[in-house]
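S.K.: Supplied structure: entry28.tsv, TSV, C-alpha atoms and all ligand atoms.
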```tsv
chain	number	residue	atom	x	y	z
J	29	MET	CA	32.97	-50.39	-40.38
J	30	ILE	CA	33.04	-48.22	-37.30
J	31	THR	CA	34.78	-49.54	-34.18
J	32	LYS	CA	33.63	-49.20	-30.56
J	33	LYS	CA	36.60	-46.90	-29.99
J	34	GLU	CA	35.56	-44.60	-32.85
J	35	ILE	CA	31.99	-44.50	-31.55
J	36	ASN	CA	33.14	-43.57	-28.06
J	37	GLN	CA	35.51	-40.95	-29.44
J	38	ALA	CA	32.75	-39.40	-31.56
J	39	ILE	CA	30.39	-39.36	-28.56
J	40	THR	CA	33.03	-37.67	-26.40
J	41	THR	CA	33.54	-34.99	-29.07
J	42	ALA	CA	29.80	-34.34	-29.46
J	43	ILE	CA	29.15	-34.22	-25.72
J	44	GLN	CA	32.04	-31.81	-25.19
J	45	THR	CA	30.53	-29.42	-27.75
J	46	LEU	CA	27.10	-29.61	-26.11
J	47	ARG	CA	28.64	-29.12	-22.66
J	48	GLU	CA	30.49	-26.00	-23.77
J	49	ASP	CA	27.29	-24.65	-25.34
J	50	LEU	CA	25.15	-24.91	-22.22
J	51	PRO	CA	25.88	-21.42	-20.81
J	52	ILE	CA	25.78	-19.78	-24.26
J	53	PHE	CA	22.34	-21.19	-25.12
J	54	LYS	CA	20.78	-20.90	-21.63
J	55	GLY	CA	17.08	-20.08	-22.18
J	56	LYS	CA	17.64	-20.14	-25.97
J	57	PHE	CA	17.75	-22.61	-28.82
J	58	LYS	CA	20.07	-23.41	-31.67
J	59	PRO	CA	18.43	-22.32	-34.94
J	60	ALA	CA	17.75	-24.54	-37.96
J	61	ALA	CA	21.15	-23.99	-39.56
J	62	SER	CA	24.55	-22.62	-38.64
J	63	LYS	CA	26.28	-19.72	-40.35
J	64	ASP	CA	29.88	-20.53	-41.26
J	65	ASN	CA	29.43	-23.61	-39.07
J	66	TYR	CA	28.40	-21.66	-35.95
J	67	TYR	CA	24.90	-21.51	-34.51
J	68	ALA	CA	23.82	-18.27	-32.83
J	69	PRO	CA	21.29	-18.37	-29.95
J	70	ALA	CA	17.68	-18.13	-31.20
J	71	GLU	CA	14.10	-18.25	-29.90
J	72	ASN	CA	11.74	-21.21	-29.75
J	73	ASP	CA	9.83	-20.33	-32.93
J	74	ASP	CA	10.82	-22.71	-35.69
J	75	TRP	CA	9.85	-26.28	-36.65
J	76	THR	CA	13.34	-27.43	-35.64
J	77	ASN	CA	13.68	-26.48	-31.97
J	78	GLY	CA	12.94	-29.97	-30.64
J	79	PHE	CA	16.15	-31.26	-32.17
J	80	HIS	CA	18.17	-29.14	-29.75
J	81	THR	CA	16.23	-30.45	-26.74
J	82	GLY	CA	16.54	-34.00	-28.07
J	83	GLN	CA	20.31	-33.62	-28.08
J	84	TYR	CA	20.21	-32.59	-24.42
J	85	TRP	CA	18.16	-35.69	-23.58
J	86	LEU	CA	20.57	-37.96	-25.44
J	87	ALA	CA	23.51	-36.25	-23.75
J	88	TRP	CA	21.85	-36.78	-20.37
J	89	GLU	CA	21.29	-40.47	-21.13
J	90	LEU	CA	24.92	-40.85	-22.17
J	91	THR	CA	26.47	-38.95	-19.24
J	92	ARG	CA	23.82	-38.61	-16.49
J	93	GLU	CA	25.11	-35.06	-16.00
J	94	ASP	CA	22.41	-33.00	-14.26
J	95	ALA	CA	23.21	-29.94	-16.37
J	96	PHE	CA	21.84	-31.64	-19.50
J	97	LYS	CA	18.64	-32.71	-17.74
J	98	GLU	CA	18.12	-29.20	-16.35
J	99	ALA	CA	18.65	-27.65	-19.78
J	100	ALA	CA	16.20	-30.10	-21.36
J	101	LEU	CA	13.56	-29.45	-18.68
J	102	ALA	CA	13.93	-25.68	-19.17
J	103	HIS	CA	13.21	-26.28	-22.87
J	104	VAL	CA	10.12	-28.32	-21.92
J	105	GLU	CA	8.74	-25.27	-20.06
J	106	SER	CA	9.39	-23.18	-23.16
J	107	PHE	CA	7.53	-25.72	-25.32
J	108	ARG	CA	4.56	-25.64	-22.90
J	109	GLN	CA	4.31	-21.86	-23.25
J	110	ARG	CA	4.75	-22.11	-27.00
J	111	ILE	CA	1.74	-24.39	-27.56
J	112	ILE	CA	-0.39	-22.35	-25.12
J	113	ASP	CA	0.53	-19.10	-26.90
J	114	ARG	CA	0.36	-20.81	-30.31
J	115	VAL	CA	3.74	-19.53	-31.45
J	116	VAL	CA	4.33	-20.90	-34.96
J	117	VAL	CA	2.33	-24.09	-34.45
J	118	ASP	CA	0.05	-23.87	-37.51
J	119	HIS	CA	1.90	-26.69	-39.25
J	120	HIS	CA	2.38	-30.45	-38.95
J	121	ASP	CA	5.78	-30.60	-37.27
J	122	MET	CA	4.37	-31.28	-33.83
J	123	GLY	CA	6.31	-34.54	-33.66
J	124	PHE	CA	9.69	-33.03	-34.42
J	125	LEU	CA	8.97	-30.36	-31.80
J	126	TYR	CA	7.17	-32.23	-29.05
J	127	THR	CA	8.32	-35.86	-29.29
J	128	LEU	CA	11.99	-35.06	-28.85
J	129	SER	CA	11.36	-32.54	-26.07
J	130	CYS	CA	8.19	-33.37	-24.14
J	131	VAL	CA	7.50	-37.05	-24.86
J	132	ALA	CA	11.18	-37.72	-24.13
J	133	ALA	CA	10.84	-35.80	-20.83
J	134	TRP	CA	7.88	-37.97	-19.86
J	135	ARG	CA	9.51	-41.22	-20.95
J	136	LEU	CA	12.89	-40.49	-19.35
J	137	VAL	CA	12.13	-38.66	-16.12
J	138	GLY	CA	8.33	-38.87	-15.75
J	139	CYS	CA	7.90	-35.12	-16.32
J	140	GLU	CA	4.14	-34.45	-16.05
J	141	THR	CA	4.48	-31.09	-17.86
J	142	GLY	CA	6.08	-32.96	-20.72
J	143	ARG	CA	3.14	-35.36	-20.89
J	144	THR	CA	0.35	-32.76	-20.81
J	145	THR	CA	2.19	-30.48	-23.24
J	146	ALA	CA	2.80	-33.29	-25.73
J	147	LEU	CA	-0.91	-34.18	-25.58
J	148	MET	CA	-1.78	-30.57	-26.49
J	149	ALA	CA	0.59	-30.86	-29.44
J	150	ALA	CA	-1.06	-34.12	-30.51
J	151	ASP	CA	-4.48	-32.40	-30.43
J	152	ASN	CA	-3.03	-29.63	-32.57
J	153	LEU	CA	-1.65	-32.18	-35.05
J	154	ILE	CA	-4.94	-34.04	-35.54
J	155	SER	CA	-6.75	-30.71	-35.99
J	156	ARG	CA	-4.95	-30.51	-39.36
J	157	PHE	CA	-6.46	-33.77	-40.63
J	158	HIS	CA	-8.59	-33.72	-43.79
J	159	LYS	CA	-11.10	-36.56	-43.74
J	160	LYS	CA	-11.67	-36.13	-47.46
J	161	GLY	CA	-8.31	-37.19	-48.89
J	162	GLY	CA	-7.27	-38.80	-45.60
J	163	PHE	CA	-4.21	-36.74	-44.74
J	164	ILE	CA	-2.73	-34.24	-42.33
J	165	GLN	CA	-2.09	-30.91	-44.05
J	166	ALA	CA	1.59	-30.06	-43.76
J	167	TRP	CA	1.91	-26.34	-44.18
J	168	GLY	CA	-0.12	-23.15	-44.21
J	169	ALA	CA	-3.45	-22.25	-42.66
J	170	TYR	CA	-5.76	-25.24	-42.37
J	171	GLY	CA	-7.81	-25.47	-45.55
J	172	ALA	CA	-5.59	-23.10	-47.56
J	173	GLU	CA	-6.20	-23.86	-51.22
J	174	ASP	CA	-2.55	-23.55	-52.28
J	175	ASN	CA	-1.40	-25.94	-49.56
J	176	HIS	CA	-3.81	-28.85	-49.81
J	177	ARG	CA	-1.04	-31.39	-49.53
J	178	LEU	CA	0.90	-33.77	-47.34
J	179	ILE	CA	4.68	-34.19	-47.27
J	180	ILE	CA	6.89	-37.23	-46.72
J	181	ASP	CA	8.55	-35.71	-43.63
J	182	CYS	CA	5.24	-36.09	-41.77
J	183	LEU	CA	5.79	-39.82	-41.27
J	184	MET	CA	8.19	-38.73	-38.53
J	185	ASN	CA	5.46	-36.69	-36.79
J	186	LEU	CA	3.04	-39.61	-36.45
J	187	PRO	CA	4.67	-41.37	-33.46
J	188	LEU	CA	3.38	-38.45	-31.36
J	189	LEU	CA	-0.15	-39.59	-32.26
J	190	TYR	CA	0.47	-43.26	-31.48
J	191	TRP	CA	1.96	-42.19	-28.16
J	192	ALA	CA	-1.09	-40.01	-27.43
J	193	THR	CA	-3.44	-42.94	-28.01
J	194	THR	CA	-1.40	-45.12	-25.67
J	195	GLU	CA	-1.39	-42.41	-23.00
J	196	THR	CA	-5.09	-41.50	-23.19
J	197	SER	CA	-6.62	-44.77	-24.47
J	198	ASP	CA	-8.42	-42.57	-27.00
J	199	PRO	CA	-8.11	-44.24	-30.43
J	200	LYS	CA	-8.67	-41.00	-32.39
J	201	TYR	CA	-4.97	-40.10	-32.59
J	202	ALA	CA	-3.83	-43.50	-33.90
J	203	GLU	CA	-6.75	-43.60	-36.33
J	204	VAL	CA	-5.59	-40.35	-37.94
J	205	ALA	CA	-2.02	-41.63	-38.04
J	206	ASP	CA	-3.07	-44.91	-39.68
J	207	ILE	CA	-5.09	-43.14	-42.38
J	208	HIS	CA	-2.37	-40.56	-43.04
J	209	THR	CA	0.23	-43.35	-43.34
J	210	ALA	CA	-1.90	-45.27	-45.85
J	211	THR	CA	-2.47	-42.13	-47.95
J	212	SER	CA	1.24	-41.26	-47.84
J	213	LEU	CA	2.46	-44.71	-48.85
J	214	GLN	CA	-0.05	-44.91	-51.65
J	215	ASN	CA	0.87	-41.58	-53.21
J	216	LEU	CA	4.40	-40.55	-52.27
J	217	ILE	CA	6.30	-43.60	-53.49
J	218	ARG	CA	6.97	-43.70	-57.23
J	219	GLU	CA	7.16	-46.85	-59.30
J	220	ASP	CA	10.97	-46.95	-59.05
J	221	HIS	CA	10.66	-46.46	-55.25
J	222	SER	CA	12.07	-42.98	-55.22
J	223	THR	CA	9.76	-40.58	-53.41
J	224	TYR	CA	7.95	-37.31	-53.92
J	225	HIS	CA	8.55	-34.62	-51.35
J	226	THR	CA	4.95	-33.33	-51.33
J	227	TYR	CA	1.65	-34.53	-52.78
J	228	TYR	CA	-1.43	-32.43	-53.58
J	229	PHE	CA	-5.08	-33.44	-53.26
J	230	ASP	CA	-8.19	-31.98	-54.82
J	231	ILE	CA	-9.67	-29.57	-52.33
J	232	ASN	CA	-13.27	-30.48	-53.22
J	233	THR	CA	-13.12	-34.23	-53.71
J	234	GLY	CA	-9.93	-35.22	-51.85
J	235	ALA	CA	-8.72	-37.11	-54.94
J	236	PRO	CA	-4.93	-37.39	-55.30
J	237	LEU	CA	-3.64	-34.84	-57.83
J	238	LYS	CA	0.13	-34.69	-58.24
J	239	GLY	CA	3.56	-34.98	-56.63
J	240	VAL	CA	5.55	-31.75	-56.44
J	241	THR	CA	8.83	-30.88	-54.81
J	242	ALA	CA	9.60	-27.99	-52.49
J	243	GLN	CA	13.20	-28.71	-51.45
J	244	GLY	CA	14.30	-31.30	-54.01
J	245	TYR	CA	16.02	-30.43	-57.28
J	246	LYS	CA	12.84	-30.89	-59.34
J	247	ASP	CA	9.40	-32.46	-59.11
J	248	SER	CA	10.52	-35.77	-60.58
J	249	SER	CA	13.82	-36.09	-58.68
J	250	PRO	CA	14.45	-37.86	-55.36
J	251	TRP	CA	15.23	-35.24	-52.71
J	252	ALA	CA	17.79	-37.03	-50.52
J	253	ARG	CA	16.40	-35.97	-47.17
J	254	GLY	CA	12.87	-36.76	-48.26
J	255	GLN	CA	13.99	-40.28	-49.18
J	256	ALA	CA	15.69	-40.53	-45.76
J	257	TRP	CA	12.54	-39.35	-43.96
J	258	GLY	CA	10.79	-42.11	-45.92
J	259	ILE	CA	13.28	-44.74	-44.70
J	260	TYR	CA	13.03	-43.82	-41.04
J	261	GLY	CA	9.32	-43.07	-41.43
J	262	LEU	CA	8.66	-46.58	-42.75
J	263	ALA	CA	10.56	-48.09	-39.81
J	264	LEU	CA	8.40	-46.08	-37.40
J	265	SER	CA	5.22	-46.89	-39.31
J	266	TYR	CA	6.08	-50.57	-38.98
J	267	LEU	CA	6.86	-50.15	-35.28
J	268	TYR	CA	3.37	-48.79	-34.64
J	269	THR	CA	1.21	-50.55	-37.25
J	270	LYS	CA	3.03	-53.89	-37.72
J	271	ASP	CA	1.80	-53.74	-41.31
J	272	PRO	CA	4.11	-56.04	-43.36
J	273	LYS	CA	3.69	-53.67	-46.33
J	274	CYS	CA	5.98	-51.25	-44.46
J	275	ILE	CA	8.79	-53.83	-44.47
J	276	ASP	CA	8.48	-54.48	-48.19
J	277	LEU	CA	8.46	-50.75	-48.95
J	278	PHE	CA	11.34	-50.17	-46.54
J	279	TYR	CA	13.55	-52.55	-48.57
J	280	LYS	CA	12.64	-50.79	-51.80
J	281	VAL	CA	12.88	-47.19	-50.62
J	282	THR	CA	16.12	-47.88	-48.72
J	283	ASP	CA	17.72	-49.74	-51.60
J	284	PHE	CA	16.88	-46.89	-53.96
J	285	PHE	CA	18.68	-44.53	-51.55
J	286	LEU	CA	21.70	-46.84	-51.16
J	287	ASN	CA	22.03	-47.38	-54.91
J	288	ARG	CA	22.36	-43.63	-55.42
J	289	LEU	CA	25.07	-43.03	-52.81
J	290	PRO	CA	28.47	-41.77	-53.84
J	291	SER	CA	31.59	-43.71	-52.89
J	292	ASP	CA	31.79	-42.24	-49.38
J	293	MET	CA	28.16	-43.24	-48.67
J	294	VAL	CA	27.05	-39.71	-47.81
J	295	ALA	CA	24.30	-38.56	-50.16
J	296	TYR	CA	24.29	-35.43	-52.26
J	297	TRP	CA	21.35	-33.17	-51.37
J	298	ASP	CA	19.33	-34.66	-54.21
J	299	LEU	CA	19.82	-38.27	-55.29
J	300	ASP	CA	19.82	-37.19	-58.94
J	301	PHE	CA	23.40	-36.12	-58.22
J	302	THR	CA	26.02	-38.83	-57.90
J	303	ASP	CA	29.82	-39.11	-57.84
J	304	GLY	CA	31.74	-36.58	-59.87
J	305	ASN	CA	29.68	-33.39	-59.59
J	306	ASN	CA	30.07	-30.25	-57.52
J	307	GLU	CA	26.75	-30.23	-55.70
J	308	PRO	CA	26.87	-30.19	-51.88
J	309	LYS	CA	26.32	-33.28	-49.78
J	310	ASP	CA	23.52	-33.49	-47.21
J	311	SER	CA	25.09	-35.34	-44.29
J	312	SER	CA	21.78	-35.08	-42.41
J	313	ALA	CA	20.13	-37.38	-44.95
J	314	ALA	CA	22.85	-39.96	-44.30
J	315	VAL	CA	22.39	-40.04	-40.53
J	316	ILE	CA	18.57	-40.01	-40.70
J	317	ALA	CA	18.68	-42.98	-43.09
J	318	ALA	CA	21.21	-44.84	-40.92
J	319	CYS	CA	19.02	-44.38	-37.81
J	320	GLY	CA	16.03	-45.68	-39.77
J	321	MET	CA	17.99	-48.74	-40.89
J	322	LEU	CA	19.04	-49.54	-37.31
J	323	GLU	CA	15.46	-49.16	-36.11
J	324	MET	CA	14.01	-51.38	-38.84
J	325	ALA	CA	16.78	-53.95	-38.37
J	326	LYS	CA	15.13	-54.84	-35.03
J	327	HIS	CA	12.15	-56.20	-36.97
J	328	LEU	CA	13.84	-57.94	-39.93
J	329	PRO	CA	15.01	-61.52	-40.56
J	330	LYS	CA	18.64	-61.95	-39.49
J	331	ASP	CA	20.27	-61.76	-42.93
J	332	LYS	CA	18.44	-58.51	-43.77
J	333	ALA	CA	19.01	-57.08	-40.29
J	334	ASP	CA	22.74	-57.82	-40.56
J	335	HIS	CA	22.88	-56.20	-43.99
J	336	TYR	CA	21.19	-52.93	-43.04
J	337	THR	CA	23.10	-52.77	-39.74
J	338	LEU	CA	26.37	-53.16	-41.61
J	339	VAL	CA	25.42	-50.39	-44.05
J	340	ALA	CA	24.45	-48.11	-41.15
J	341	THR	CA	27.80	-48.69	-39.46
J	342	GLN	CA	29.65	-48.02	-42.73
J	343	ILE	CA	27.83	-44.70	-43.06
J	344	THR	CA	28.70	-43.93	-39.43
J	345	HIS	CA	32.37	-44.64	-40.13
J	346	SER	CA	32.42	-42.35	-43.15
J	347	ILE	CA	30.74	-39.55	-41.19
J	348	ALA	CA	33.12	-39.99	-38.25
J	349	GLN	CA	36.10	-39.83	-40.61
J	350	ASN	CA	35.18	-36.79	-42.69
J	351	TYR	CA	32.05	-34.96	-41.55
J	352	ILE	CA	32.56	-34.02	-37.93
J	353	PRO	CA	34.29	-30.82	-36.88
J	354	ASN	CA	37.80	-30.50	-35.56
J	355	PRO	CA	38.16	-28.53	-32.31
J	356	GLY	CA	37.51	-24.82	-32.92
J	357	GLU	CA	35.85	-25.40	-36.29
J	358	SER	CA	32.16	-25.34	-35.29
J	359	ASN	CA	29.66	-25.43	-32.42
J	360	GLY	CA	27.63	-28.01	-34.34
J	361	LEU	CA	28.07	-31.78	-34.21
J	362	LEU	CA	27.90	-32.57	-37.92
J	363	LEU	CA	29.26	-30.61	-40.87
J	364	HIS	CA	28.11	-30.48	-44.49
J	365	GLY	CA	24.34	-30.50	-44.30
J	366	VAL	CA	21.91	-28.74	-46.61
J	367	TYR	CA	18.70	-27.15	-45.34
J	368	ALA	CA	17.43	-25.86	-48.70
J	369	LYS	CA	19.14	-25.29	-52.01
J	370	ALA	CA	17.49	-23.31	-54.78
J	371	SER	CA	17.22	-24.86	-58.23
J	372	PRO	CA	15.50	-23.58	-61.39
J	373	TYR	CA	12.69	-26.06	-60.64
J	374	ASN	CA	12.00	-25.87	-56.90
J	375	THR	CA	10.36	-23.33	-54.63
J	376	VAL	CA	13.05	-22.54	-52.04
J	377	SER	CA	15.89	-20.06	-51.76
J	378	ASN	CA	19.33	-20.98	-50.53
J	379	SER	CA	19.39	-21.48	-46.79
J	380	GLY	CA	21.90	-23.43	-44.73
J	381	VAL	CA	23.80	-24.79	-47.72
J	382	ASP	CA	26.91	-26.74	-46.66
J	383	GLU	CA	26.27	-25.90	-43.02
J	384	CYS	CA	25.45	-27.71	-39.82
J	385	VAL	CA	21.70	-28.30	-39.58
J	386	ILE	CA	20.17	-28.92	-36.18
J	387	TRP	CA	18.39	-32.18	-37.15
J	388	GLY	CA	21.68	-33.44	-38.62
J	389	ASP	CA	23.30	-32.90	-35.22
J	390	TYR	CA	20.40	-34.62	-33.46
J	391	PHE	CA	20.35	-37.70	-35.70
J	392	TRP	CA	24.14	-38.00	-35.57
J	393	LEU	CA	23.95	-38.20	-31.79
J	394	GLU	CA	20.95	-40.56	-31.98
J	395	LEU	CA	22.94	-42.78	-34.36
J	396	LEU	CA	25.94	-42.86	-32.02
J	397	THR	CA	23.66	-43.54	-29.05
J	398	ARG	CA	21.99	-46.42	-30.90
J	399	LEU	CA	25.40	-47.94	-31.64
J	400	SER	CA	26.69	-47.49	-28.09
J	401	LYS	CA	23.81	-48.79	-25.99
J	402	ASP	CA	20.42	-50.48	-26.02
J	403	TRP	CA	18.59	-47.20	-26.66
J	404	LYS	CA	14.87	-46.86	-25.93
J	405	ILE	CA	13.35	-44.79	-28.68
J	406	TYR	CA	11.79	-41.34	-27.99
J	407	TRP	CA	9.71	-41.53	-31.20
S	1	LIG	N1	11.20	-31.20	-42.61
S	1	LIG	C1	11.80	-30.19	-43.39
S	1	LIG	C2	13.16	-30.54	-43.82
S	1	LIG	O1	13.57	-31.67	-43.75
S	1	LIG	O2	13.86	-29.62	-44.28
```
Would you mind writing the file's structure down as structure tokens?
Ligand code: GLY
M.R.:
Amino acid sequence: MITKKEINQAITTAIQTLREDLPIFKGKFKPAASKDNYYAPAENDDWTNGFHTGQYWLAWELTREDAFKEAALAHVESFRQRIIDRVVVDHHDMGFLYTLSCVAAWRLVGCETGRTTALMAADNLISRFHKKGGFIQAWGAYGAEDNHRLIIDCLMNLPLLYWATTETSDPKYAEVADIHTATSLQNLIREDHSTYHTYYFDINTGAPLKGVTAQGYKDSSPWARGQAWGIYGLALSYLYTKDPKCIDLFYKVTDFFLNRLPSDMVAYWDLDFTDGNNEPKDSSAAVIAACGMLEMAKHLPKDKADHYTLVATQITHSIAQNYIPNPGESNGLLLHGVYAKASPYNTVSNSGVDECVIWGDYFWLELLTRLSKDWKIYW
């Protein structure tokens, strides 16, 4: 189990990296993945940029250093311009982008630009909802025949909609989120409680068609990060819906993930791979899952809460021991992530394999923050 001292040490290391980065990334963003463990400055034009801003907000909460707040607020301006100019926003990742940047700005420092910008993003997200089928289309132009599908990652984008309903008192956002959640849980979770990455629907009738992978090893395998998005997604679904079904599914989806972990508790990039093979690990899946367990633990009976909290702290210990960079090794916070790895059966090419990935860095810092203080969630 991780000790308080280890947590504080890991936070100090992460904050020092972020502090050193501030002048290098002024007006820029860290991209989705590092190259040889170093991120180069990039524009605000990917689905991942919010994870950089989210790190600045966490760093500000942990240190109260003005420089982190100023950097985060500069990002908020960039996100406002991005949604106005519609730069790469024809997809569902409005939550990853706008919750961690703009909702956080509103929640933490009452930034009005953050609030109005996040509401624009929420409008954009519900514009991708298909009434027939009851889901938010993940990728591609709205209505595109080859992309009539939802993906498990989207559970993480729905808190933006619940927030928008609370802010505006307009139920339409939460209604879309509720329907999308029900459709996701009904179709994405297999009988053994592993999960599909994506699920297609008939474009004419909306009837569920089939589960297909994009980033997992194959259609029938459990992509590790998808399973982790499912774990945290179920915790957030429960937070906003209070539907007991989410708790039951959380146990099952989480236990499937835990039963497939190798001895150091950090998943391979697909849960089909276990101890004794040469596939890369995806440390980002480990920290996403651990954050989800800590969030859900707040709502569980004591014995279950203690169990999942213990597991989360064991994962944290393993990461702190072997997955964070030594000085001079990286400008990321977490090593050994996988963005996408090609297989004979999936649809991606190699990208960010055994690298830092920006969401891995974010969730590592969120995990440490959760373990160091009574953290109020941005999601
Ligand atoms: N949401 C895309 C990914 O996890 O790679």
S.K.: Have a look at J:Met293, J:Asp276, J:Leu363, J:Tyr351 and name the one nearest to Leu328 of chain J; count all atoms listed in the file.
M.R.: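 Nearest candidate to Leu328 of chain J out of J:Met293, J:Asp276, J:Leu363, J:Tyr351: J:Asp276.
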S.K.: Could you check which of J:Tyr67, J:Trp257, J:Phe107, J:Trp191 is closest to ligand LIG 1 (chain S), using only C-alpha atoms and all ligand atoms?
M.R.: J:Trp257
S.K.: For a cut-off of 8 Å around (12.9, -44.7, -47.8), file coordinates, pick out all residues using only C-alpha atoms and list them as a PyMOL selection string.
M.R.: chain J and resi 221-223+254-262+277-285+317
S.K.: Could you tell me, counting only C-alpha atoms and all ligand atoms, which protein and nucleic acid residues lie no more than 7 Å from ligand LIG 1 (chain S), written as a list in words?
M.R.: Asp181, Arg253, Gly254, Tyr367 and Ala368 of chain J
S.K.: Using only C-alpha atoms, which residue out of J:Asp118, J:Glu195, J:Asp174, J:Asp402 lies closest to Ser155 of chain J?
M.R.: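 Closest candidate: J:Asp118.
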S.K.: Between J:Leu147, J:Ala42, J:Ala252, J:Leu128, which residue has the minimum interatomic distance to Ile112 of chain J, considering only C-alpha atoms?
M.R.: J:Leu147
